[in-house]
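Colleague: The structure follows.
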Amino acid sequence: MIRDSEVAAGSSNDPGVYRDQKPPTSDGIDPRQVTIEEAYDLWAPIYDATPNPLLGLEARTLAPLFDRVAGTYVLDVACGTGRWLYRLLEQGAREGVGVDFSAAMLAVAATKAELRGRLVRANCVSLPFRSNVADLIVCSFAVAHLPDLPAFAGELSRLAKCGADLYLTDVHPEGLKAGWRSSFRSSNGVVEVPTYPRSVDQILRAFAVGGFELVDCLEPHFEEPDRPVFVKGKKAHLFEEFRQLPAVLICHFTRSYRRRPFV
């Protein structure tokens, strides 16, 4: 079951990447420019089956950090097809909810029996939950798609209990600066997902102002385990170039105990 709330820009997750401002395909087709919601609705039917090296690198780096999952209340914000929510429930989370604004992504997530009844369609800067509810929040590959990052940080701060963990991941700003773009190939051609690039410092500052303290900041590069995904995605020729830059930004925050009360 998918429960609806207000729908607006700023959600969904896990972009693929291509290089430069030039057309990303060998046949010279320009990417379609669509809204974020339209892009993820188009991506949803093929999303879980599409080769994406960012997902493998993120999973290898992030999964070992989840050492305090059992018995927690988890929010997966911009959950997409629910891959992190699924894993955290398997690891013993007491309760878990996934939130996204793409109805099509949530429809795919709802095909997974473990996630049924745990999915909410909502604007991620105005989430329909009471304050101080979450022990653990995950937000995977969404920051670059959010036009108002301080508002998002403030909303997650409202939801997080004092001392709660927040794990935030995204395409690394150095990759976006080098011309990497969120894109995928649909039946109608290449679609580009709109982004709002920011520096690492801008991201960390927004969450510090929002009331979070940084525990760790990881910046992994692509490695040999990622090469087969490039090959499968017909991007083997880009692997050596792409591995020179940090590919993913992974930030672990805790909600500060020095917080103003929410009412």
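Letters A, B, ... mark the chains of the structure tokens in the order given; residue numbers begin at 1 per chain; ligand numbers begin at 1, in order shown.
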Which residues are close to stretch 203-209 of chain A, i.e. within 7 Å by only C-alpha atoms, leaving aside same-chain residues fewer than 4 positions away? Reply as a list in words.

Modeller: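 Here the answer would be Leu149, Pro150, Ala153, Arg198, Ser199 and Glu213 of chain A.
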
Colleague: Give the answer as one residue: which of A:Ala78, A:Val190, A:Val229, A:Val99 has the shortest atom-to-atom distance to A:Phe141, using only C-alpha atoms?

Modeller: A:Ala78

Colleague: Which is closest to A:Glu224 among A:Lys177, A:Arg243, A:Thr35, A:Ala109, if we use only C-alpha atoms?

Modeller: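 Closest to A:Glu224 of all the choices is A:Arg243.
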
Colleague: Just asking: which residues within stretch 42-249 of chain A are alpha helix (DSSP H) according to DSSP, as number ranges by chain?

Modeller: A: 42-47, 53-62, 83-90, 103-109, 149-159, 173-177, 200-209, 227-232, 239-242

Colleague: Just how far from atom CA of A:Gly179 is atom CA of A:Trp84, in Å to one decimal?

Modeller: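 For atom CA of A:Trp84 relative to atom CA of A:Gly179, the distance reads 27.4 Å.
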
Colleague: Could you list, as an MDAnalysis selection string, every residue within 8 Å of A:Ser157, counting only C-alpha atoms and ignoring same-chain residues fewer than 5 positions away?

Modeller: chainID A and resid 210:212 255

Colleague: Could you give me the residues within stretch 4-197 of chain A that DSSP places in strand (DSSP E or B), as a VMD selection string?

Modeller: chain A and resid 4 16 to 18 32 to 33 73 to 77 95 to 100 119 to 121 134 to 140 160 to 171 181 to 186 189 to 192
